[in-house]
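*Asks:* Contents of model-v4.cif (mmCIF, C-alpha atoms) are below:
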```
data_work
loop_
_atom_site.label_atom_id
_atom_site.label_comp_id
_atom_site.auth_asym_id
_atom_site.auth_seq_id
_atom_site.Cartn_x
_atom_site.Cartn_y
_atom_site.Cartn_z
CA MET A 21 10.00 0.46 25.72
CA ASP A 22 13.18 2.28 24.76
CA LEU A 23 15.24 1.25 21.77
CA LYS A 24 18.14 -0.11 23.81
CA GLU A 25 15.84 -2.53 25.60
CA TRP A 26 14.23 -3.54 22.28
CA LYS A 27 17.61 -4.11 20.64
CA ASN A 28 18.82 -6.20 23.57
CA LYS A 29 15.91 -8.59 23.04
CA GLY A 30 17.21 -9.57 19.61
CA LYS A 31 20.26 -10.37 17.55
CA LEU A 32 21.61 -9.94 14.02
CA VAL A 33 21.27 -12.99 11.78
CA GLU A 34 23.16 -13.23 8.50
CA VAL A 35 20.81 -14.01 5.62
CA GLN A 36 22.00 -13.99 2.00
CA ASN A 37 25.09 -11.95 2.94
CA HIS A 38 23.10 -9.31 4.81
CA LYS A 39 22.31 -8.98 8.52
CA LEU A 40 18.70 -8.93 9.69
CA PHE A 41 17.71 -7.88 13.19
CA CYS A 42 15.51 -10.57 14.71
CA ILE A 43 13.81 -11.29 18.02
CA HIS A 44 12.98 -14.97 18.56
CA GLN A 45 11.22 -15.76 21.81
CA LYS A 46 11.26 -19.54 21.60
CA LYS A 47 8.89 -21.78 23.55
CA ASP A 48 7.41 -25.21 23.05
CA LYS A 49 4.30 -23.48 21.75
CA PRO A 50 2.83 -22.58 18.33
CA THR A 51 4.93 -19.90 16.60
CA ILE A 52 3.56 -16.57 15.43
CA ALA A 53 5.80 -14.77 12.92
CA PHE A 54 5.17 -11.08 12.23
CA LEU A 55 5.93 -8.99 9.15
CA HIS A 56 5.99 -5.26 9.80
CA GLY A 57 5.01 -2.23 7.73
CA TYR A 58 6.57 0.81 6.08
CA PRO A 59 8.26 3.08 7.09
CA SER A 60 8.52 1.51 10.51
CA THR A 61 10.09 -1.67 11.96
CA SER A 62 9.46 -4.73 14.08
CA TYR A 63 9.26 -2.25 16.97
CA ASP A 64 5.64 -1.78 15.83
CA TYR A 65 4.88 -4.98 17.75
CA TYR A 66 6.47 -4.15 21.09
CA LYS A 67 3.08 -3.49 22.73
CA ILE A 68 1.38 -6.70 21.60
CA ILE A 69 4.15 -9.18 22.46
CA PRO A 70 3.36 -9.12 26.22
CA PHE A 71 -0.22 -10.20 25.44
CA LEU A 72 0.99 -13.23 23.47
CA GLU A 73 4.42 -14.31 24.67
CA ASN A 74 3.29 -16.64 27.47
CA ASP A 75 1.31 -18.86 25.12
CA PHE A 76 3.18 -18.63 21.82
CA SER A 77 6.67 -18.54 20.39
CA ILE A 78 7.22 -15.13 18.82
CA VAL A 79 9.38 -14.20 15.83
CA VAL A 80 9.72 -10.63 14.57
CA HIS A 81 12.40 -9.14 12.34
CA ASP A 82 13.30 -5.90 10.61
CA HIS A 83 13.10 -6.24 6.84
CA LEU A 84 16.27 -5.41 4.97
CA GLY A 85 16.46 -1.61 4.75
CA PHE A 86 14.56 -1.09 8.00
CA GLY A 87 15.33 -0.65 11.69
CA PHE A 88 18.47 -2.37 12.96
CA SER A 89 18.87 -4.52 9.83
CA ASP A 90 21.40 -3.75 7.11
CA LYS A 91 20.50 -0.99 4.65
CA PRO A 92 22.63 -1.57 1.56
CA LEU A 93 22.52 1.12 -1.10
CA ASN A 94 23.16 -1.32 -3.99
CA TYR A 95 20.01 -3.38 -3.50
CA SER A 96 16.67 -3.45 -5.28
CA TYR A 97 14.44 -3.79 -2.17
CA SER A 98 11.93 -5.79 -4.17
CA LEU A 99 9.09 -7.25 -2.11
CA ILE A 100 9.91 -10.53 -3.84
CA GLU A 101 13.41 -10.43 -2.35
CA GLN A 102 12.03 -9.42 1.06
CA ALA A 103 9.91 -12.60 0.97
CA GLU A 104 13.02 -14.66 0.18
CA MET A 105 14.84 -13.07 3.11
CA ALA A 106 11.98 -13.80 5.52
CA ILE A 107 11.67 -17.44 4.46
CA GLU A 108 15.41 -18.02 4.74
CA LEU A 109 15.54 -16.33 8.16
CA TRP A 110 12.76 -18.59 9.46
CA ARG A 111 14.51 -21.63 8.00
CA GLN A 112 17.78 -20.68 9.70
CA LEU A 113 15.93 -20.26 13.00
CA GLY A 114 14.78 -23.87 12.65
CA LEU A 115 11.09 -23.07 12.30
CA LYS A 116 8.94 -25.86 10.86
CA GLU A 117 5.57 -24.14 10.84
CA ILE A 118 4.25 -20.67 11.65
CA HIS A 119 1.11 -18.62 11.98
CA LEU A 120 1.90 -15.62 9.80
CA VAL A 121 0.72 -12.11 10.75
CA ALA A 122 1.37 -9.22 8.36
CA HIS A 123 0.65 -5.50 8.45
CA ASP A 124 0.89 -2.83 5.72
CA TYR A 125 4.04 -3.40 3.58
CA GLY A 126 4.28 -6.86 5.15
CA THR A 127 0.94 -7.98 3.70
CA THR A 128 2.34 -8.05 0.16
CA ILE A 129 5.46 -9.88 1.34
CA ALA A 130 3.06 -12.42 2.84
CA ASN A 131 1.22 -12.52 -0.49
CA GLU A 132 4.48 -13.44 -2.28
CA ILE A 133 5.11 -16.16 0.31
CA ILE A 134 1.63 -17.54 -0.47
CA VAL A 135 2.44 -17.53 -4.21
CA ARG A 136 5.52 -19.66 -3.50
CA LYS A 137 3.52 -22.00 -1.30
CA GLN A 138 1.07 -22.56 -4.16
CA MET A 139 4.03 -23.28 -6.45
CA GLY A 140 5.12 -26.03 -4.07
CA TYR A 141 7.91 -24.13 -2.30
CA GLU A 142 7.09 -24.08 1.41
CA PRO A 143 10.19 -24.82 3.53
CA VAL A 144 8.32 -23.38 6.52
CA LYS A 145 4.67 -24.44 6.63
CA ILE A 146 2.16 -21.58 6.88
CA LYS A 147 -0.60 -22.74 9.26
CA SER A 148 -2.69 -19.58 9.14
CA LEU A 149 -2.52 -16.05 7.78
CA THR A 150 -3.58 -12.74 9.28
CA LEU A 151 -3.69 -9.66 7.05
CA SER A 152 -4.00 -6.24 8.66
CA ASN A 153 -4.35 -2.83 7.01
CA GLY A 154 -2.19 -3.26 3.94
CA SER A 155 -2.76 -1.72 0.50
CA MET A 156 -2.60 -5.07 -1.29
CA HIS A 157 -5.34 -3.88 -3.63
CA ILE A 158 -3.32 -0.82 -4.57
CA GLU A 159 -6.11 0.33 -6.92
CA LEU A 160 -8.36 0.85 -3.86
CA ALA A 161 -5.76 2.49 -1.60
CA LYS A 162 -5.87 6.20 -0.78
CA LEU A 163 -2.18 7.01 -0.89
CA LYS A 164 -1.09 10.24 0.74
CA VAL A 165 0.72 12.84 -1.36
CA ILE A 166 4.01 12.05 0.37
CA GLN A 167 3.66 8.36 -0.54
CA LYS A 168 3.02 9.22 -4.18
CA LEU A 169 6.08 11.46 -4.26
CA LEU A 170 8.35 8.96 -2.51
CA LYS A 171 7.50 6.17 -4.94
CA HIS A 172 8.32 8.32 -7.96
CA PRO A 173 11.44 6.82 -9.61
CA PHE A 174 13.07 10.24 -10.10
CA TYR A 175 11.58 12.80 -7.72
CA GLY A 176 11.44 10.44 -4.74
CA LYS A 177 15.11 10.83 -3.89
CA PHE A 178 14.71 14.61 -3.63
CA VAL A 179 11.65 14.25 -1.38
CA VAL A 180 13.69 12.01 0.95
CA LYS A 181 16.31 14.76 1.34
CA LEU A 182 13.59 17.15 2.57
CA MET A 183 12.24 14.77 5.19
CA HIS A 184 12.85 15.60 8.84
CA LYS A 185 11.61 14.43 12.20
CA THR A 186 8.82 17.00 12.62
CA THR A 187 7.17 16.22 9.29
CA PHE A 188 7.61 12.48 9.87
CA ILE A 189 5.79 12.68 13.21
CA GLN A 190 3.06 14.89 11.72
CA GLN A 191 2.50 12.45 8.86
CA MET A 192 2.30 9.50 11.25
CA LYS A 193 -0.12 11.30 13.55
CA SER A 194 -2.41 12.01 10.60
CA ILE A 195 -3.08 8.27 10.21
CA TRP A 196 -4.12 7.73 13.84
CA PHE A 197 -7.85 7.89 14.54
CA ASP A 198 -7.69 8.55 18.28
CA LYS A 199 -5.04 11.24 18.56
CA SER A 200 -5.02 10.89 22.37
CA ARG A 201 -3.43 7.45 21.84
CA PHE A 202 -0.64 8.84 19.68
CA ASP A 203 2.71 8.59 21.47
CA ASP A 204 5.35 11.09 20.35
CA GLN A 205 8.10 9.02 21.95
CA GLU A 206 7.15 5.96 19.90
CA MET A 207 7.45 8.07 16.77
CA GLU A 208 10.77 9.54 17.91
CA ASN A 209 11.97 5.95 18.24
CA LEU A 210 10.71 5.04 14.76
CA TRP A 211 12.42 8.11 13.31
CA THR A 212 15.67 7.10 15.03
CA LEU A 213 15.34 3.61 13.56
CA LEU A 214 14.65 5.06 10.11
CA LEU A 215 17.90 7.08 10.29
CA HIS A 216 19.94 4.24 11.81
CA ASN A 217 22.79 2.94 9.65
CA ASN A 218 22.27 5.60 6.94
CA GLY A 219 18.67 4.51 6.46
CA LYS A 220 17.63 7.78 4.88
CA GLU A 221 20.04 7.08 2.00
CA ALA A 222 18.26 3.80 1.21
CA LEU A 223 14.72 5.09 1.73
CA HIS A 224 14.10 6.09 -1.88
CA LYS A 225 14.75 2.54 -3.09
CA VAL A 226 12.70 1.04 -0.26
CA SER A 227 9.82 3.36 -1.18
CA GLN A 228 9.36 1.82 -4.65
CA TYR A 229 7.26 -1.03 -3.24
CA ASN A 230 3.89 0.48 -4.19
CA ASN A 231 5.01 0.45 -7.83
CA GLU A 232 5.55 -3.30 -7.45
CA ARG A 233 2.00 -3.71 -6.18
CA VAL A 234 0.90 -2.48 -9.59
CA LYS A 235 3.55 -4.33 -11.61
CA TYR A 236 2.95 -7.71 -9.96
CA TRP A 237 -0.79 -7.41 -9.29
CA HIS A 238 -1.52 -10.38 -11.55
CA ARG A 239 1.08 -12.48 -9.74
CA TRP A 240 -0.13 -11.69 -6.25
CA ILE A 241 -3.86 -11.04 -6.13
CA PRO A 242 -5.07 -14.16 -8.06
CA ALA A 243 -3.15 -16.32 -5.57
CA LEU A 244 -5.57 -15.13 -2.89
CA TYR A 245 -8.50 -16.66 -4.77
CA LYS A 246 -6.97 -20.10 -4.18
CA LEU A 247 -5.88 -19.61 -0.58
CA ASP A 248 -6.49 -22.84 1.33
CA ILE A 249 -5.41 -21.94 4.88
CA PRO A 250 -7.38 -20.19 7.63
CA THR A 251 -7.19 -16.45 6.94
CA LEU A 252 -8.09 -13.57 9.25
CA ILE A 253 -8.65 -10.11 7.81
CA LEU A 254 -8.09 -7.95 10.87
CA TRP A 255 -8.78 -4.38 9.85
CA ALA A 256 -8.83 -1.02 11.60
CA GLN A 257 -11.87 0.66 10.10
CA ASN A 258 -10.68 4.27 10.17
CA ASP A 259 -7.46 3.82 8.23
CA PRO A 260 -7.23 6.72 5.76
CA ILE A 261 -4.75 4.84 3.48
CA ALA A 262 -5.49 1.09 3.51
CA VAL A 263 -9.20 1.84 3.60
CA LYS A 264 -11.82 -0.69 4.67
CA ALA A 265 -12.84 -1.23 1.03
CA ILE A 266 -9.60 -3.23 0.69
CA ALA A 267 -10.59 -5.48 3.59
CA GLU A 268 -14.05 -5.96 2.11
CA GLN A 269 -12.53 -6.96 -1.24
CA LEU A 270 -10.12 -9.40 0.40
CA ASN A 271 -12.99 -10.94 2.34
CA LYS A 272 -14.89 -11.48 -0.91
CA GLU A 273 -12.05 -13.15 -2.76
CA ILE A 274 -10.28 -15.23 -0.08
CA PRO A 275 -12.21 -18.49 0.46
CA ASN A 276 -13.66 -18.95 3.95
CA SER A 277 -11.87 -15.90 5.34
CA THR A 278 -12.83 -14.32 8.66
CA TYR A 279 -13.26 -10.56 8.70
CA VAL A 280 -12.86 -8.81 12.05
CA LYS A 281 -13.32 -5.05 12.27
CA ILE A 282 -11.57 -2.80 14.79
CA ASP A 283 -13.63 0.36 15.08
CA ASN A 284 -12.34 3.82 15.98
CA CYS A 285 -8.80 2.94 14.97
CA GLY A 286 -6.34 4.12 12.33
CA HIS A 287 -3.54 2.59 10.28
CA TYR A 288 -1.44 1.15 13.14
CA PRO A 289 -3.89 -0.92 15.22
CA MET A 290 -1.07 -2.76 17.01
CA LEU A 291 -0.03 0.57 18.51
CA GLU A 292 -3.37 2.38 18.76
CA GLN A 293 -5.46 -0.57 20.01
CA ALA A 294 -2.78 -3.07 21.05
CA GLU A 295 -4.78 -5.27 23.44
CA ILE A 296 -7.78 -5.60 21.13
CA TRP A 297 -5.55 -6.38 18.15
CA ALA A 298 -3.50 -8.96 20.06
CA ASN A 299 -6.56 -10.68 21.50
CA GLU A 300 -8.10 -11.13 18.06
CA ILE A 301 -4.89 -12.75 16.85
CA ARG A 302 -4.82 -14.98 19.91
CA LYS A 303 -8.37 -16.21 19.33
CA PHE A 304 -7.74 -16.86 15.66
CA VAL A 305 -4.41 -18.66 16.10
CA GLU A 306 -5.83 -20.85 18.87
CA LEU A 307 -8.66 -21.89 16.55
CA SER A 308 -6.18 -22.53 13.70
CA ALA A 309 -3.48 -24.34 15.68
#
```
How would this structure read if it were set down as structure tokens?
*Replies:*
Amino acid sequence: MDLKEWKNKGKLVEVQNHKLFCIHQKKDKPTIAFLHGYPSTSYDYYKIIPFLENDFSIVVHDHLGFGFSDKPLNYSYSLIEQAEMAIELWRQLGLKEIHLVAHDYGTTIANEIIVRKQMGYEPVKIKSLTLSNGSMHIELAKLKVIQKLLKHPFYGKFVVKLMHKTTFIQQMKSIWFDKSRFDDQEMENLWTLLLHNNGKEALHKVSQYNNERVKYWHRWIPALYKLDIPTLILWAQNDPIAVKAIAEQLNKEIPNSTYVKIDNCGHYPMLEQAEIWANEIRKFVELSA
């Protein structure tokens, strides 16, 4: 799917004085809301929507600083604020309850949403949660050198200046397991979305999120021990960054969680193994509805 077609599916919604790009395919069906990863966008999910859209309402959006959403330079890009933006977007869309699916960066945003739920703030009811290949347990993650450099408070901004399309595509390809499934055009599209609206200028601030995973570990991780909704840990087993040890740890600490492994697959299972990934979500949501 080209970017023009993807953009035409959605609209810009003003949330807390910023515009978020959102696609809302509304039906009289249970709603699945997706939170995407870094450094990509809601476009990550373009392959899996056709497997789900006949039987579910679908909501995807670009986080602030990503894709077609605004990319302000005077913004903190805290994961805590990204959670606030997501909740308010869903509320404005009139959603009452959702099945929440999160990948990568989005898993910690989901974790913050769970913290708020446990504090009694749940304007949109979370019916179930799916976590996929996110470095929530940052102490277990195997960050690449580029990730470590980008999150550095000082040197990160200089690393951003050196980034270009060829190195971006090479870095993304390195986290695929089956290289024959890697699509250069998809990555060209993600690079275009990264640059859109001066996105490169905001990237250094966006890239600080892994530091927050350390700073707020004791806010986020203990909340998982008390999780009281159906939770699916849907994990590609050959992810070189969010390694399977993270999934195993989450499965140990989240009560009554379901752990489903996707073999022979890297960090982006929704792109590398789209049908398998979507079907596992379908089965789980149907059981949780």
*Asks:* Under the rule that all atoms listed in the file are counted, which of A:Pro70, A:Ala309, A:Ile134, A:Glu268 is the nearest residue to Glu117 in chain A?
*Replies:* A:Ala309
*Asks:* I want to know what sits within 8 Å of Ile146 in chain A, based on only C-alpha atoms, with residues of the same chain fewer than 5 positions away left out; could you give that as a list in words?
*Replies:*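 Selected residues are Glu117, Ile118, His119, Leu120 and Ile249 of chain A.
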*Asks:* Which residue out of A:His123, A:Lys185, A:Lys281, A:Lys46 has the minimum interatomic distance to Ala267 in chain A when all atoms listed in the file are used?
*Replies:*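 That would be A:Lys281, the residue with the smallest distance to Ala267 in chain A.
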*Asks:* To verify the selection step, state as an MDAnalysis selection string which residues the PyMOL selection byres ((chain A and resi 282-293) around 7) yields on this input.
*Replies:* chainID A and resid 64:65 67:68 153 195:198 201 255:259 280:281 294:297
*Asks:* With the file shown as input, list the residues that the PyMOL selection byres ((chain A and resi 73) around 10) selects, as a list in words.
*Replies:*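 Evaluating the PyMOL selection byres ((chain A and resi 73) around 10) on these coordinates yields Gln45, Lys46, Lys47, Lys49, Thr51, Ile52, Ile68, Ile69, Pro70, Phe71, Leu72, Asn74, Asp75, Phe76, Ser77 and Ile78 of chain A.
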*Asks:* Kindly indicate which residue among A:Arg239, A:His83, A:Lys220, A:Lys199 lies nearest to Met183 in chain A, using all atoms listed in the file for the distances.
*Replies:*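 Closest to Met183 in chain A, using all atoms listed in the file: A:Lys220.
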*Asks:* Give me the residues near Tyr63 in chain A as a PyMOL selection string, where near means some atom within 9 Å (using only C-alpha atoms) and where sequence neighbours in that chain fewer than 2 positions away do not count.
*Replies:* chain A and resi 23+26+56+60-61+65-67+80-82+87+206+209-210
*Asks:* Between A:Ala106, A:Asn217, A:His184, A:Asn37, which one has atoms that come closest to Phe88 in chain A, using all atoms listed in the file?
*Replies:*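 The shortest atom-to-atom distance to Phe88 in chain A comes from A:Asn217.
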*Asks:* Find, counting all atoms listed in the file, the residue in A:Gly30, A:Asp203, A:Ser277, A:Ser152 that gets nearest to Ile301 in chain A.
*Replies:*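 Smallest distance to Ile301 in chain A is found for A:Ser152.
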*Asks:* Measuring atom to atom with all atoms listed in the file, identify which of A:Leu247, A:Val33, A:Ile189, A:Leu214 is nearest to Ile133 in chain A.
*Replies:*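 Answer, going by the shortest atom-to-atom distance: A:Leu247.
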*Asks:* Report as a list in words the residues that result from applying the PyMOL selection byres ((chain A and resi 115) around 10) to the structure here.
*Replies:*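 Applying the expression gives Lys46, Thr51, Ala53, Val79, Ile107, Leu109, Trp110, Arg111, Gln112, Leu113, Gly114, Lys116, Glu117, Ile118, Pro143, Val144 and Lys145 of chain A.
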*Asks:* May I ask for the distance between CA of Asn299 in chain A and CA of Thr251 in chain A, given in Å to one decimal place?
*Replies:*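 That distance, rounded to one decimal, is 15.7 Å.
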*Asks:* Report the distance between CA of Ser308 in chain A and CA of Lys147 in chain A in Å, rounded to one decimal place.
*Replies:* 7.1 Å
*Asks:* For CA of His157 in chain A and CA of Gly140 in chain A, quote the distance in Å rounded to one decimal.
*Replies:* 24.5 Å
*Asks:* Pull range 64-129 of chain A out of the block and emit C-alpha atoms, as a short mmCIF file (atom, residue, chain, number, x, y, z; two decimals), in the first residue's frame.
*Replies:*
```cif
data_model
loop_
_atom_site.label_atom_id
_atom_site.label_comp_id
_atom_site.auth_asym_id
_atom_site.auth_seq_id
_atom_site.Cartn_x
_atom_site.Cartn_y
_atom_site.Cartn_z
CA ASP A 64 3.24 -0.93 10.51
CA TYR A 65 -0.27 -2.39 10.66
CA TYR A 66 -1.33 -1.96 7.04
CA LYS A 67 -0.85 -5.68 6.28
CA ILE A 68 -2.85 -7.02 9.22
CA ILE A 69 -5.91 -4.77 8.95
CA PRO A 70 -7.38 -6.75 5.99
CA PHE A 71 -7.32 -9.91 8.14
CA LEU A 72 -9.33 -8.22 10.91
CA GLU A 73 -11.45 -5.41 9.49
CA ASN A 74 -14.52 -7.47 8.59
CA ASP A 75 -15.06 -8.64 12.15
CA PHE A 76 -13.73 -5.78 14.28
CA SER A 77 -13.67 -2.02 14.47
CA ILE A 78 -10.08 -0.87 13.99
CA VAL A 79 -8.34 2.19 15.45
CA VAL A 80 -4.71 3.04 14.70
CA HIS A 81 -2.91 6.34 15.11
CA ASP A 82 0.53 7.87 14.74
CA HIS A 83 1.95 8.91 18.10
CA LEU A 84 2.91 12.54 18.39
CA GLY A 85 6.30 12.92 16.70
CA PHE A 86 5.67 10.07 14.27
CA GLY A 87 4.27 9.61 10.77
CA PHE A 88 1.62 12.10 9.68
CA SER A 89 1.05 13.43 13.21
CA ASP A 90 2.47 16.74 14.42
CA LYS A 91 6.14 16.79 15.38
CA PRO A 92 6.61 19.80 17.66
CA LEU A 93 10.17 20.66 18.62
CA ASN A 94 9.20 22.13 22.01
CA TYR A 95 7.76 18.92 23.46
CA SER A 96 9.11 16.36 25.89
CA TYR A 97 7.84 13.22 24.07
CA SER A 98 7.44 11.44 27.38
CA LEU A 99 5.78 8.03 27.14
CA ILE A 100 3.51 9.27 29.94
CA GLU A 101 2.29 12.08 27.69
CA GLN A 102 1.92 9.69 24.74
CA ALA A 103 -0.43 7.62 26.93
CA GLU A 104 -2.46 10.74 27.72
CA MET A 105 -2.71 11.55 24.01
CA ALA A 106 -3.89 8.03 23.14
CA ILE A 107 -6.55 7.97 25.86
CA GLU A 108 -7.88 11.39 24.88
CA LEU A 109 -7.94 10.44 21.18
CA TRP A 110 -9.99 7.32 21.94
CA ARG A 111 -12.33 9.35 24.15
CA GLN A 112 -12.85 11.91 21.37
CA LEU A 113 -13.61 9.09 18.93
CA GLY A 114 -16.40 8.00 21.27
CA LEU A 115 -14.86 4.66 22.18
CA LYS A 116 -16.27 3.02 25.31
CA GLU A 117 -14.13 -0.10 25.42
CA ILE A 118 -11.21 -1.50 23.44
CA HIS A 119 -8.97 -4.51 23.05
CA LEU A 120 -5.52 -2.94 23.20
CA VAL A 121 -2.65 -4.25 21.05
CA ALA A 122 0.83 -2.76 21.47
CA HIS A 123 4.18 -3.35 19.81
CA ASP A 124 7.69 -2.14 20.74
CA TYR A 125 7.55 1.53 21.94
CA GLY A 126 3.79 1.12 22.22
CA THR A 127 4.06 -1.59 24.89
CA THR A 128 5.31 0.89 27.49
CA ILE A 129 2.61 3.38 26.53
#
```
